[in-house]
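Below is the file upload16.pdb, which contains PDB, C-alpha atoms and all ligand atoms.
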```pdb
ATOM      1  CA  MET B 134     -10.875  -8.583  15.512
ATOM      2  CA  LYS B 135      -9.041  -5.302  14.942
ATOM      3  CA  THR B 136     -10.293  -2.474  12.731
ATOM      4  CA  MET B 137      -8.082  -0.457  10.420
ATOM      5  CA  VAL B 138      -9.303   2.680   8.625
ATOM      6  CA  THR B 139      -7.472   3.452   5.363
ATOM      7  CA  LEU B 140      -7.588   6.626   3.294
ATOM      8  CA  GLY B 141      -6.640   6.743  -0.352
ATOM      9  CA  GLU B 142      -7.584   6.454  -4.001
ATOM     10  CA  ILE B 143      -8.989   3.291  -5.501
ATOM     11  CA  LEU B 144      -7.806   2.927  -9.088
ATOM     12  CA  ILE B 145      -8.822   0.596 -11.865
ATOM     13  CA  GLU B 146      -5.758  -1.189 -13.204
ATOM     14  CA  LEU B 147      -5.537  -2.212 -16.866
ATOM     15  CA  ASN B 148      -2.718  -4.699 -16.978
ATOM     16  CA  ALA B 149      -1.136  -5.581 -20.339
ATOM     17  CA  LEU B 150      -1.731  -9.209 -21.234
ATOM     18  CA  THR B 151       1.552  -9.296 -23.111
ATOM     19  CA  SER B 152       5.000  -7.897 -22.395
ATOM     20  CA  GLY B 153       6.416  -4.951 -24.296
ATOM     21  CA  PRO B 154       5.641  -1.319 -25.039
ATOM     22  CA  LEU B 155       1.954  -0.458 -24.642
ATOM     23  CA  ARG B 156       1.705   0.840 -28.213
ATOM     24  CA  ASN B 157       1.933  -2.793 -29.317
ATOM     25  CA  VAL B 158      -0.306  -4.314 -26.654
ATOM     26  CA  ASN B 159      -3.818  -5.150 -27.816
ATOM     27  CA  TYR B 160      -5.360  -6.772 -24.760
ATOM     28  CA  PHE B 161      -5.573  -5.643 -21.151
ATOM     29  CA  GLU B 162      -6.959  -7.290 -18.065
ATOM     30  CA  LYS B 163      -8.947  -5.209 -15.582
ATOM     31  CA  HIS B 164      -8.304  -5.284 -11.836
ATOM     32  CA  VAL B 165      -9.261  -3.208  -8.822
ATOM     33  CA  ALA B 166      -6.160  -1.632  -7.263
ATOM     34  CA  GLY B 167      -4.847   1.409  -5.413
ATOM     35  CA  SER B 168      -2.344   0.997  -2.621
ATOM     36  CA  GLU B 169      -4.653   1.578   0.349
ATOM     37  CA  ALA B 170      -7.332  -0.675  -1.131
ATOM     38  CA  ASN B 171      -4.668  -3.368  -1.490
ATOM     39  CA  TYR B 172      -3.699  -2.886   2.161
ATOM     40  CA  CYS B 173      -7.340  -3.153   3.178
ATOM     41  CA  VAL B 174      -7.893  -6.433   1.339
ATOM     42  CA  ALA B 175      -4.669  -7.946   2.734
ATOM     43  CA  PHE B 176      -5.805  -6.916   6.225
ATOM     44  CA  VAL B 177      -9.251  -8.471   5.784
ATOM     45  CA  MET B 178      -7.924 -11.674   4.199
ATOM     46  CA  THR B 179      -5.932 -12.364   7.370
ATOM     47  CA  GLY B 180      -8.852 -12.067   9.736
ATOM     48  CA  ASN B 181      -9.373  -8.396  10.564
ATOM     49  CA  LYS B 182     -11.707  -5.560   9.563
ATOM     50  CA  CYS B 183     -10.936  -2.657   7.257
ATOM     51  CA  VAL B 184     -12.979   0.484   6.557
ATOM     52  CA  TYR B 185     -12.140   2.326   3.336
ATOM     53  CA  LEU B 186     -12.424   6.128   3.187
ATOM     54  CA  GLY B 187     -12.254   7.555  -0.318
ATOM     55  CA  ARG B 188     -14.205   8.638  -3.390
ATOM     56  CA  VAL B 189     -15.043   6.903  -6.648
ATOM     57  CA  GLY B 190     -16.771   8.258  -9.739
ATOM     58  CA  ASN B 191     -20.423   7.770 -10.586
ATOM     59  CA  ASP B 192     -19.369   5.414 -13.374
ATOM     60  CA  GLU B 193     -18.922   1.751 -14.228
ATOM     61  CA  PHE B 194     -15.375   1.625 -12.818
ATOM     62  CA  GLY B 195     -16.526   3.217  -9.562
ATOM     63  CA  LYS B 196     -19.290   0.621  -9.268
ATOM     64  CA  ASN B 197     -16.812  -2.111 -10.120
ATOM     65  CA  ALA B 198     -14.426  -0.944  -7.366
ATOM     66  CA  VAL B 199     -17.092  -0.751  -4.660
ATOM     67  CA  GLU B 200     -18.689  -4.082  -5.570
ATOM     68  CA  TRP B 201     -15.328  -5.832  -5.725
ATOM     69  CA  LEU B 202     -14.123  -4.483  -2.377
ATOM     70  CA  ARG B 203     -17.450  -5.277  -0.750
ATOM     71  CA  GLY B 204     -17.090  -8.823  -2.071
ATOM     72  CA  LYS B 205     -13.664  -9.040  -0.457
ATOM     73  CA  GLY B 206     -15.180  -8.080   2.909
ATOM     74  CA  VAL B 207     -13.944  -4.472   3.032
ATOM     75  CA  ILE B 208     -16.385  -2.028   4.702
ATOM     76  CA  VAL B 209     -17.319   0.239   1.799
ATOM     77  CA  ASP B 210     -20.301   2.190   3.079
ATOM     78  CA  LYS B 211     -18.224   5.328   3.785
ATOM     79  CA  ILE B 212     -16.933   5.541   0.195
ATOM     80  CA  LYS B 213     -18.371   8.668  -1.432
ATOM     81  CA  ILE B 214     -19.558   9.019  -5.001
ATOM     82  CA  ASP B 215     -17.971  12.006  -6.753
ATOM     83  CA  PRO B 216     -18.960  13.669 -10.063
ATOM     84  CA  ASN B 217     -15.430  13.194 -11.491
ATOM     85  CA  PRO B 218     -14.361   9.928 -13.154
ATOM     86  CA  THR B 219     -12.726   7.025 -11.317
ATOM     87  CA  GLY B 220      -8.962   7.105 -11.935
ATOM     88  CA  ILE B 221      -7.333   4.401 -14.042
ATOM     89  CA  PHE B 222      -3.820   3.259 -14.828
ATOM     90  CA  PHE B 223      -2.191   0.891 -17.285
ATOM     91  CA  ILE B 224       0.696  -1.440 -16.526
ATOM     92  CA  GLN B 225       3.429  -1.992 -19.106
ATOM     93  CA  ARG B 226       5.496  -5.035 -18.230
ATOM     94  CA  ASP B 227       9.039  -6.217 -18.926
ATOM     95  CA  TYR B 228       9.952  -3.341 -21.253
ATOM     96  CA  PRO B 229      12.488  -1.837 -21.450
ATOM     97  CA  ILE B 230      13.537  -3.426 -18.150
ATOM     98  CA  PRO B 231      12.865  -7.175 -17.750
ATOM     99  CA  LEU B 232      10.716  -8.080 -14.706
ATOM    100  CA  HIS B 233       9.907  -4.403 -14.218
ATOM    101  CA  SER B 234       6.336  -3.066 -14.327
ATOM    102  CA  GLU B 235       5.666   0.546 -15.224
ATOM    103  CA  SER B 236       2.451   2.278 -14.145
ATOM    104  CA  ILE B 237       0.981   4.807 -16.572
ATOM    105  CA  TYR B 238      -1.685   6.909 -14.878
ATOM    106  CA  TYR B 239      -4.844   8.601 -16.142
ATOM    107  CA  ARG B 240      -5.932  10.052 -12.806
ATOM    108  CA  LYS B 241      -5.537  13.843 -12.858
ATOM    109  CA  GLY B 242      -8.685  15.429 -11.418
ATOM    110  CA  SER B 243     -10.112  11.974 -10.690
ATOM    111  CA  ALA B 244     -12.839  11.278  -8.146
ATOM    112  CA  GLY B 245     -10.292   9.725  -5.776
ATOM    113  CA  SER B 246      -8.124  12.846  -5.813
ATOM    114  CA  LYS B 247     -11.099  14.880  -4.510
ATOM    115  CA  LEU B 248     -10.837  13.158  -1.124
ATOM    116  CA  SER B 249     -11.423  15.907   1.403
ATOM    117  CA  PRO B 250     -11.294  16.377   5.199
ATOM    118  CA  GLU B 251     -15.093  16.548   5.282
ATOM    119  CA  ASP B 252     -15.171  12.896   4.155
ATOM    120  CA  ILE B 253     -13.883  11.901   7.575
ATOM    121  CA  GLU B 254     -16.319  10.645  10.149
ATOM    122  CA  GLU B 255     -14.372  11.681  13.239
ATOM    123  CA  ASP B 256     -15.652   9.051  15.678
ATOM    124  CA  LEU B 257     -14.953   6.275  13.222
ATOM    125  CA  VAL B 258     -11.315   7.351  12.874
ATOM    126  CA  ARG B 259     -10.920   8.026  16.615
ATOM    127  CA  GLU B 260     -12.193   4.590  17.539
ATOM    128  CA  ALA B 261     -10.200   2.599  14.960
ATOM    129  CA  ASP B 262      -7.374   0.349  16.157
ATOM    130  CA  LEU B 263      -5.159   1.683  13.361
ATOM    131  CA  VAL B 264      -5.309   4.468  10.755
ATOM    132  CA  HIS B 265      -3.317   3.909   7.571
ATOM    133  CA  SER B 266      -2.389   5.890   4.477
ATOM    134  CA  THR B 267       0.463   6.322   1.988
ATOM    135  CA  GLY B 268       2.626   8.823   0.166
ATOM    136  CA  ILE B 269       0.361   8.397  -2.873
ATOM    137  CA  THR B 270      -2.526  10.060  -1.027
ATOM    138  CA  LEU B 271      -0.307  12.939   0.098
ATOM    139  CA  ALA B 272       0.699  13.439  -3.547
ATOM    140  CA  ILE B 273      -2.621  13.319  -5.425
ATOM    141  CA  SER B 274      -4.091  16.657  -4.234
ATOM    142  CA  SER B 275      -3.848  19.167  -1.427
ATOM    143  CA  SER B 276      -7.314  18.206  -0.158
ATOM    144  CA  ALA B 277      -6.264  14.534  -0.011
ATOM    145  CA  LYS B 278      -3.131  15.528   1.886
ATOM    146  CA  ASP B 279      -5.220  17.592   4.325
ATOM    147  CA  THR B 280      -7.448  14.553   4.832
ATOM    148  CA  VAL B 281      -4.497  12.392   5.873
ATOM    149  CA  PHE B 282      -3.303  15.087   8.287
ATOM    150  CA  LYS B 283      -6.768  15.357   9.781
ATOM    151  CA  ALA B 284      -7.162  11.593  10.173
ATOM    152  CA  PHE B 285      -3.734  11.313  11.806
ATOM    153  CA  SER B 286      -4.648  14.120  14.235
ATOM    154  CA  LEU B 287      -7.561  12.032  15.493
ATOM    155  CA  ASN B 288      -5.764   8.812  16.387
ATOM    156  CA  ARG B 289      -2.261   8.073  17.665
ATOM    157  CA  GLU B 290      -2.227   4.545  16.228
ATOM    158  CA  ARG B 291      -0.892   5.544  12.832
ATOM    159  CA  SER B 292       0.625   3.572   9.992
ATOM    160  CA  PHE B 293       2.140   4.916   6.774
ATOM    161  CA  ASP B 294       3.698   3.397   3.663
ATOM    162  CA  THR B 295       5.941   5.924   1.930
ATOM    163  CA  ASN B 296       5.064   4.551  -1.563
ATOM    164  CA  ILE B 297       6.784   7.436  -3.345
ATOM    165  CA  ARG B 298       5.569   7.585  -6.953
ATOM    166  CA  LEU B 299       7.857   9.872  -8.917
ATOM    167  CA  LYS B 300       5.218  10.332 -11.615
ATOM    168  CA  LEU B 301       3.096  12.146  -9.028
ATOM    169  CA  TRP B 302       5.686  14.464  -7.483
ATOM    170  CA  SER B 303       9.399  15.279  -7.418
ATOM    171  CA  PRO B 304      11.797  13.684  -4.891
ATOM    172  CA  ASP B 305      12.026  17.051  -3.193
ATOM    173  CA  GLU B 306       8.255  17.474  -2.856
ATOM    174  CA  ALA B 307       7.954  13.902  -1.608
ATOM    175  CA  ARG B 308      10.615  14.439   1.050
ATOM    176  CA  ARG B 309       9.160  17.764   2.230
ATOM    177  CA  ASN B 310       5.583  16.553   2.518
ATOM    178  CA  ILE B 311       6.303  13.156   4.030
ATOM    179  CA  ILE B 312       8.746  14.473   6.625
ATOM    180  CA  GLU B 313       6.276  17.260   7.493
ATOM    181  CA  LEU B 314       3.676  14.565   8.224
ATOM    182  CA  PHE B 315       6.117  12.467  10.283
ATOM    183  CA  LYS B 316       7.191  15.477  12.374
ATOM    184  CA  GLU B 317       3.621  16.429  13.158
ATOM    185  CA  TYR B 318       2.299  12.888  13.573
ATOM    186  CA  PRO B 319       4.906  10.275  14.533
ATOM    187  CA  LEU B 320       3.943   6.762  13.581
ATOM    188  CA  LYS B 321       3.456   3.422  15.187
ATOM    189  CA  PHE B 322       4.353   1.670  11.901
ATOM    190  CA  LEU B 323       6.411   2.985   9.009
ATOM    191  CA  ILE B 324       6.590   0.782   5.933
ATOM    192  CA  THR B 325       9.161   1.823   3.369
ATOM    193  CA  ASP B 326      11.846   0.547   0.995
ATOM    194  CA  VAL B 327      15.429   1.361   0.161
ATOM    195  CA  ASP B 328      14.578   3.678  -2.770
ATOM    196  CA  ASP B 329      12.066   5.726  -0.797
ATOM    197  CA  ALA B 330      14.307   5.858   2.262
ATOM    198  CA  SER B 331      17.129   7.220   0.170
ATOM    199  CA  ILE B 332      14.824   9.992  -1.120
ATOM    200  CA  LEU B 333      13.721  10.769   2.443
ATOM    201  CA  VAL B 334      17.011  10.681   4.315
ATOM    202  CA  GLY B 335      19.677  10.373   1.622
ATOM    203  CA  ARG B 336      20.895   6.897   2.658
ATOM    204  CA  SER B 337      20.410   3.703   0.657
ATOM    205  CA  ASP B 338      21.943   1.379   3.234
ATOM    206  CA  PRO B 339      18.885   0.045   5.138
ATOM    207  CA  ASP B 340      20.466   0.203   8.623
ATOM    208  CA  GLU B 341      21.749   3.716   8.044
ATOM    209  CA  ALA B 342      18.398   4.899   6.679
ATOM    210  CA  VAL B 343      16.510   3.384   9.603
ATOM    211  CA  ARG B 344      18.841   5.072  12.066
ATOM    212  CA  LEU B 345      17.689   8.411  10.616
ATOM    213  CA  LEU B 346      14.025   7.431  10.380
ATOM    214  CA  ARG B 347      13.750   5.939  13.866
ATOM    215  CA  GLU B 348      12.704   9.201  15.490
ATOM    216  CA  TYR B 349       9.473   9.099  13.459
ATOM    217  CA  ALA B 350       8.234   5.545  14.105
ATOM    218  CA  ASP B 351       8.199   2.799  16.723
ATOM    219  CA  VAL B 352       8.379  -0.027  14.183
ATOM    220  CA  ILE B 353       9.937   0.291  10.718
ATOM    221  CA  VAL B 354       9.569  -2.277   7.949
ATOM    222  CA  MET B 355      12.214  -1.929   5.240
ATOM    223  CA  LYS B 356      11.235  -3.782   2.046
ATOM    224  CA  GLN B 357      14.216  -5.014   0.050
ATOM    225  CA  GLY B 358      12.538  -6.360  -3.106
ATOM    226  CA  PRO B 359      13.079 -10.036  -3.943
ATOM    227  CA  ARG B 360      15.738 -10.345  -1.209
ATOM    228  CA  GLY B 361      13.119 -10.002   1.534
ATOM    229  CA  ALA B 362      12.475  -7.383   4.188
ATOM    230  CA  SER B 363      13.628  -6.316   7.638
ATOM    231  CA  VAL B 364      11.704  -5.088  10.625
ATOM    232  CA  TYR B 365      13.353  -2.728  13.114
ATOM    233  CA  TYR B 366      12.042  -2.126  16.623
ATOM    234  CA  ASP B 367      13.392  -0.985  20.045
ATOM    235  CA  GLY B 368      16.986  -1.301  18.885
ATOM    236  CA  GLY B 369      16.311  -4.818  17.482
ATOM    237  CA  LYS B 370      16.184  -6.029  13.899
ATOM    238  CA  TYR B 371      14.831  -9.128  12.140
ATOM    239  CA  PHE B 372      15.402 -10.023   8.472
ATOM    240  CA  ALA B 373      12.969 -12.287   6.604
ATOM    241  CA  HIS B 374      14.259 -13.719   3.334
ATOM    242  CA  GLY B 375      12.283 -13.723   0.089
ATOM    243  CA  TYR B 376      11.416 -16.760  -2.068
ATOM    244  CA  SER B 377      12.388 -17.313  -5.651
ATOM    245  CA  VAL B 378       9.234 -17.732  -7.790
ATOM    246  CA  PRO B 379       8.270 -16.951 -11.391
ATOM    247  CA  VAL B 380       7.550 -13.219 -11.519
ATOM    248  CA  VAL B 381       4.664 -11.898 -13.637
ATOM    249  CA  ASP B 382       3.967  -8.434 -12.204
ATOM    250  CA  VAL B 383       5.477  -6.837  -9.106
ATOM    251  CA  VAL B 384       2.923  -4.021  -8.732
ATOM    252  CA  GLY B 385       1.151  -4.335  -5.387
ATOM    253  CA  ALA B 386       3.714  -6.646  -3.787
ATOM    254  CA  GLY B 387       4.755  -4.061  -1.219
ATOM    255  CA  ASP B 388       1.139  -3.450  -0.218
ATOM    256  CA  ALA B 389       0.588  -7.189   0.135
ATOM    257  CA  LEU B 390       3.550  -7.376   2.490
ATOM    258  CA  GLY B 391       2.538  -4.270   4.451
ATOM    259  CA  GLY B 392      -1.154  -5.130   4.777
ATOM    260  CA  THR B 393      -0.515  -8.690   5.917
ATOM    261  CA  PHE B 394       2.196  -7.542   8.343
ATOM    262  CA  LEU B 395      -0.026  -4.900   9.958
ATOM    263  CA  SER B 396      -2.922  -7.309  10.260
ATOM    264  CA  LEU B 397      -0.883 -10.001  11.973
ATOM    265  CA  VAL B 398       0.876  -7.597  14.335
ATOM    266  CA  MET B 399      -2.499  -6.105  15.270
ATOM    267  CA  SER B 400      -3.727  -9.658  15.925
ATOM    268  CA  GLY B 401      -0.885 -10.140  18.407
ATOM    269  CA  TYR B 402       1.747 -11.979  16.332
ATOM    270  CA  PRO B 403       5.370 -11.189  17.222
ATOM    271  CA  LEU B 404       7.030  -8.891  14.683
ATOM    272  CA  ASP B 405       9.371 -11.566  13.289
ATOM    273  CA  LYS B 406       6.606 -14.096  12.664
ATOM    274  CA  ALA B 407       4.349 -11.408  11.182
ATOM    275  CA  LEU B 408       7.130 -10.499   8.733
ATOM    276  CA  ASP B 409       7.782 -14.138   7.789
ATOM    277  CA  TYR B 410       4.083 -14.499   6.968
ATOM    278  CA  ALA B 411       3.905 -11.127   5.193
ATOM    279  CA  ILE B 412       6.712 -12.130   2.825
ATOM    280  CA  VAL B 413       4.547 -15.041   1.674
ATOM    281  CA  SER B 414       1.815 -12.583   0.779
ATOM    282  CA  SER B 415       4.119 -10.477  -1.415
ATOM    283  CA  THR B 416       5.645 -13.613  -2.950
ATOM    284  CA  LEU B 417       2.241 -14.905  -4.064
ATOM    285  CA  ASN B 418       1.345 -11.439  -5.265
ATOM    286  CA  VAL B 419       4.154 -11.162  -7.850
ATOM    287  CA  MET B 420       3.116 -14.428  -9.500
ATOM    288  CA  ILE B 421       0.009 -12.987 -11.165
ATOM    289  CA  ARG B 422      -1.320  -9.814 -12.759
ATOM    290  CA  GLY B 423      -3.493  -7.795 -10.381
ATOM    291  CA  ASP B 424      -2.791  -6.498  -6.890
ATOM    292  CA  GLN B 425      -5.445  -8.245  -4.830
ATOM    293  CA  GLU B 426      -6.381 -11.583  -6.378
ATOM    294  CA  ASN B 427      -3.546 -13.554  -4.757
ATOM    295  CA  LEU B 428      -3.700 -11.989  -1.288
ATOM    296  CA  PRO B 429      -3.681 -15.041   0.975
ATOM    297  CA  SER B 430      -5.586 -16.110   4.063
ATOM    298  CA  LEU B 431      -3.683 -17.282   7.140
ATOM    299  CA  GLN B 432      -4.384 -20.879   6.200
ATOM    300  CA  ASP B 433      -2.887 -20.380   2.742
ATOM    301  CA  ILE B 434       0.198 -18.656   4.166
ATOM    302  CA  GLU B 435       0.699 -21.599   6.510
ATOM    303  CA  ALA B 436       0.253 -24.104   3.680
ATOM    304  CA  PHE B 437       2.943 -22.228   1.703
ATOM    305  CA  LEU B 438       5.363 -22.213   4.654
ATOM    306  CA  ARG B 439       4.780 -25.898   5.430
ATOM    307  CA  GLU B 440       5.646 -26.804   1.852
ATOM    308  CA  MET B 441       8.687 -24.496   1.641
ATOM    309  CA  ASN B 442      10.096 -25.687   4.962
ATOM    310  CA  LYS B 443       9.803 -29.409   4.200
TER     311      LYS B 443
HETATM  312  O1  LIG U   1       1.345  -0.220  -4.746
HETATM  313  C1  LIG U   1       0.501  -0.563  -5.827
HETATM  314  C2  LIG U   1      -0.082   0.699  -6.359
HETATM  315  O2  LIG U   1       0.968   1.480  -6.869
HETATM  316  C3  LIG U   1      -1.096   0.493  -7.460
HETATM  317  O3  LIG U   1      -2.182  -0.269  -7.032
HETATM  318  C4  LIG U   1      -1.595   1.782  -8.016
HETATM  319  O4  LIG U   1      -2.166   3.036  -6.080
HETATM  320  C5  LIG U   1      -1.526   2.941  -7.100
HETATM  321  C6  LIG U   1      -0.629   4.024  -7.438
HETATM  322  O5  LIG U   1      -1.012   5.153  -7.138
HETATM  323  O6  LIG U   1       0.445   3.782  -7.968
END
```

Can the structure from this file be put into structure tokens for me?
Amino acid sequence: MKTMVTLGEILIELNALTSGPLRNVNYFEKHVAGSEANYCVAFVMTGNKCVYLGRVGNDEFGKNAVEWLRGKGVIVDKIKIDPNPTGIFFIQRDYPIPLHSESIYYRKGSAGSKLSPEDIEEDLVREADLVHSTGITLAISSSAKDTVFKAFSLNRERSFDTNIRLKLWSPDEARRNIIELFKEYPLKFLITDVDDASILVGRSDPDEAVRLLREYADVIVMKQGPRGASVYYDGGKYFAHGYSVPVVDVVGAGDALGGTFLSLVMSGYPLDKALDYAIVSSTLNVMIRGDQENLPSLQDIEAFLREMNK
């Protein structure tokens, strides 16, 4: 079993039960979310261990998050309780763009954003098989950013999902901060998509963007939405196609793909097979509301593939 340490902010998601502008939505469904927490659960679901480093508030949502993640098998005993409230966000779906989900955050000054370098237990991070974080954590506060830099200084096995959220920072700030991290701490795994890559290196063609990102990472996964995703390595490339399914909410699909991919590669799967399996995880993820409830086990991924390949 491999151990990944993730650093980030756990958020409570309030997902609209009906499509349309939130002013007209009366009912919401509550889920535990946050990109790194999603990665952690995907990693655990496929047979590995994940330790979560972060802060939650001393409130009902903080308790909810910790209990839920513990129930999923995530190691939660390093999560700190902070006097500020647990961050939340709402999801507005299908309006004004069909099949699009918009995240509306209430997280400024939240417990999660108070993540600080002193929250890091150095030996734990040094001894992990992989350390993972995202652009969201770089964006939420300067202390959270410093925490990612510190964690990455302690372990060379680094993974990063760009996850650029333009409600948290400008394209320019995102580019400056993310590239600063990459230059100081090159990665083993970079997980990104065409929109983020074009912010980072000004190219929306995946091959072109990867050519410019290659100096920062050994393995690059380029997510291409419903089309599928590609993995680039040592001059090679493999494309895994997506599946056409009824889409309910796409939030969290990229984390599902990334978390499952990392877990399987760390377990020794070849990159192409890991990506084929990871696409199943993101496919199942878009079929429901919530980021973590449909994250599949290996057995379930294989059942899906058996049926689809009949
Ligand atoms: O990738 C899914 C995340 O975007 C969602 O869970 C909320 O972490 C979140 C964020 O900051 O957008």

Contact residues around Arg347 (chain B) with only C-alpha atoms at 12 Å, ignoring same-chain residues under 3 positions, as a PyMOL selection string: chain B and resi 315-316+319-324+330+334+339-344+350-355+364-369

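For the pair CA of Tyr349 (chain B) and CA of Tyr318 (chain B), the separation is 8.1 Å.
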
As a PDB file with C-alpha atoms, in the frame of the given file, please: every protein or nucleic acid residue near ligand LIG 1 (chain U) (cut-off 9 Å, counting only C-alpha atoms and all ligand atoms).
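Final file, result.pdb:
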```pdb
ATOM      1  CA  GLY B 141      -6.640   6.743  -0.352  1.00  0.00           C
ATOM      2  CA  GLU B 142      -7.584   6.454  -4.001  1.00  0.00           C
ATOM      3  CA  ILE B 143      -8.989   3.291  -5.501  1.00  0.00           C
ATOM      4  CA  LEU B 144      -7.806   2.927  -9.088  1.00  0.00           C
ATOM      5  CA  ILE B 145      -8.822   0.596 -11.865  1.00  0.00           C
ATOM      6  CA  GLU B 146      -5.758  -1.189 -13.204  1.00  0.00           C
ATOM      7  CA  VAL B 165      -9.261  -3.208  -8.822  1.00  0.00           C
ATOM      8  CA  ALA B 166      -6.160  -1.632  -7.263  1.00  0.00           C
ATOM      9  CA  GLY B 167      -4.847   1.409  -5.413  1.00  0.00           C
ATOM     10  CA  SER B 168      -2.344   0.997  -2.621  1.00  0.00           C
ATOM     11  CA  GLU B 169      -4.653   1.578   0.349  1.00  0.00           C
ATOM     12  CA  ALA B 170      -7.332  -0.675  -1.131  1.00  0.00           C
ATOM     13  CA  ASN B 171      -4.668  -3.368  -1.490  1.00  0.00           C
ATOM     14  CA  TYR B 172      -3.699  -2.886   2.161  1.00  0.00           C
ATOM     15  CA  ILE B 221      -7.333   4.401 -14.042  1.00  0.00           C
ATOM     16  CA  PHE B 222      -3.820   3.259 -14.828  1.00  0.00           C
ATOM     17  CA  SER B 236       2.451   2.278 -14.145  1.00  0.00           C
ATOM     18  CA  ILE B 237       0.981   4.807 -16.572  1.00  0.00           C
ATOM     19  CA  TYR B 238      -1.685   6.909 -14.878  1.00  0.00           C
ATOM     20  CA  ARG B 240      -5.932  10.052 -12.806  1.00  0.00           C
ATOM     21  CA  GLY B 268       2.626   8.823   0.166  1.00  0.00           C
ATOM     22  CA  ILE B 269       0.361   8.397  -2.873  1.00  0.00           C
ATOM     23  CA  THR B 270      -2.526  10.060  -1.027  1.00  0.00           C
ATOM     24  CA  ILE B 273      -2.621  13.319  -5.425  1.00  0.00           C
ATOM     25  CA  ASN B 296       5.064   4.551  -1.563  1.00  0.00           C
ATOM     26  CA  ILE B 297       6.784   7.436  -3.345  1.00  0.00           C
ATOM     27  CA  ARG B 298       5.569   7.585  -6.953  1.00  0.00           C
ATOM     28  CA  LYS B 300       5.218  10.332 -11.615  1.00  0.00           C
ATOM     29  CA  LEU B 301       3.096  12.146  -9.028  1.00  0.00           C
ATOM     30  CA  VAL B 383       5.477  -6.837  -9.106  1.00  0.00           C
ATOM     31  CA  VAL B 384       2.923  -4.021  -8.732  1.00  0.00           C
ATOM     32  CA  GLY B 385       1.151  -4.335  -5.387  1.00  0.00           C
ATOM     33  CA  ALA B 386       3.714  -6.646  -3.787  1.00  0.00           C
ATOM     34  CA  GLY B 387       4.755  -4.061  -1.219  1.00  0.00           C
ATOM     35  CA  ASP B 388       1.139  -3.450  -0.218  1.00  0.00           C
ATOM     36  CA  ALA B 389       0.588  -7.189   0.135  1.00  0.00           C
ATOM     37  CA  GLY B 423      -3.493  -7.795 -10.381  1.00  0.00           C
ATOM     38  CA  ASP B 424      -2.791  -6.498  -6.890  1.00  0.00           C
ATOM     39  CA  GLN B 425      -5.445  -8.245  -4.830  1.00  0.00           C
TER      40      GLN B 425
END
```

Gly358 (chain B) surroundings by all atoms listed in the file, 12 Å radius, close-in-sequence under 5 positions cut, as a VMD selection string: chain B and resid 232 to 233 325 to 328 363 373 to 377 380 383 to 387 390 412 415 to 416 419

Reference answer for the PyMOL selection byres (((chain B and resi 190) around 6) and not hetatm), as a ChimeraX atom specification: /B:189,191-192,195,214-219,244

Spatial neighbours of Thr280 (chain B), 10 Å, all atoms listed in the file, chain gap at least 5 places, as a PDB file with C-alpha atoms, in the frame of the given file:
```pdb
ATOM      1  CA  LEU B 140      -7.588   6.626   3.294  1.00  0.00           C
ATOM      2  CA  GLY B 141      -6.640   6.743  -0.352  1.00  0.00           C
ATOM      3  CA  LEU B 186     -12.424   6.128   3.187  1.00  0.00           C
ATOM      4  CA  GLY B 187     -12.254   7.555  -0.318  1.00  0.00           C
ATOM      5  CA  LEU B 248     -10.837  13.158  -1.124  1.00  0.00           C
ATOM      6  CA  SER B 249     -11.423  15.907   1.403  1.00  0.00           C
ATOM      7  CA  PRO B 250     -11.294  16.377   5.199  1.00  0.00           C
ATOM      8  CA  GLU B 251     -15.093  16.548   5.282  1.00  0.00           C
ATOM      9  CA  ASP B 252     -15.171  12.896   4.155  1.00  0.00           C
ATOM     10  CA  ILE B 253     -13.883  11.901   7.575  1.00  0.00           C
ATOM     11  CA  THR B 270      -2.526  10.060  -1.027  1.00  0.00           C
ATOM     12  CA  LEU B 271      -0.307  12.939   0.098  1.00  0.00           C
ATOM     13  CA  SER B 274      -4.091  16.657  -4.234  1.00  0.00           C
ATOM     14  CA  SER B 275      -3.848  19.167  -1.427  1.00  0.00           C
ATOM     15  CA  PHE B 285      -3.734  11.313  11.806  1.00  0.00           C
ATOM     16  CA  SER B 286      -4.648  14.120  14.235  1.00  0.00           C
TER      17      SER B 286
END
```

Result set, the PyMOL selection byres (((chain B and resi 152) around 7) and not hetatm) on current file, as a ChimeraX atom specification: /B:149-151,153,225-228

Picked residues, the PyMOL selection byres (((chain B and resi 287) around 10) and not hetatm), expected as a VMD selection string: chain B and resid 255 to 261 264 282 to 286 288 to 291

Two-atom distance - CA of Leu438 (chain B), CA of Val381 (chain B) (Å): 21.0 Å

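If you measure from each of B:Ile312, B:Pro229, B:His164, B:Met420 to Trp201 (chain B) using all atoms listed in the file, the closest one turns out to be B:His164.
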
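Going from CA of Gly391 (chain B) to CA of Glu317 (chain B) covers 22.5 Å.
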
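Nearest residue to Gly335 (chain B), choosing from B:Glu348, B:Glu313, B:Glu426, B:Asp305 and counting all atoms listed in the file: B:Asp305.
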
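Distance annotation: of B:Phe293, B:Phe372, B:Tyr402, B:Phe437, the residue with the minimal separation from His265 (chain B) is B:Phe293; atom set is all atoms listed in the file.
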
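Between Met441 (chain B) and the candidates B:Val413, B:Glu193, B:Ala362, B:Trp302, the tightest atom-to-atom separation, counting only C-alpha atoms, involves B:Val413.
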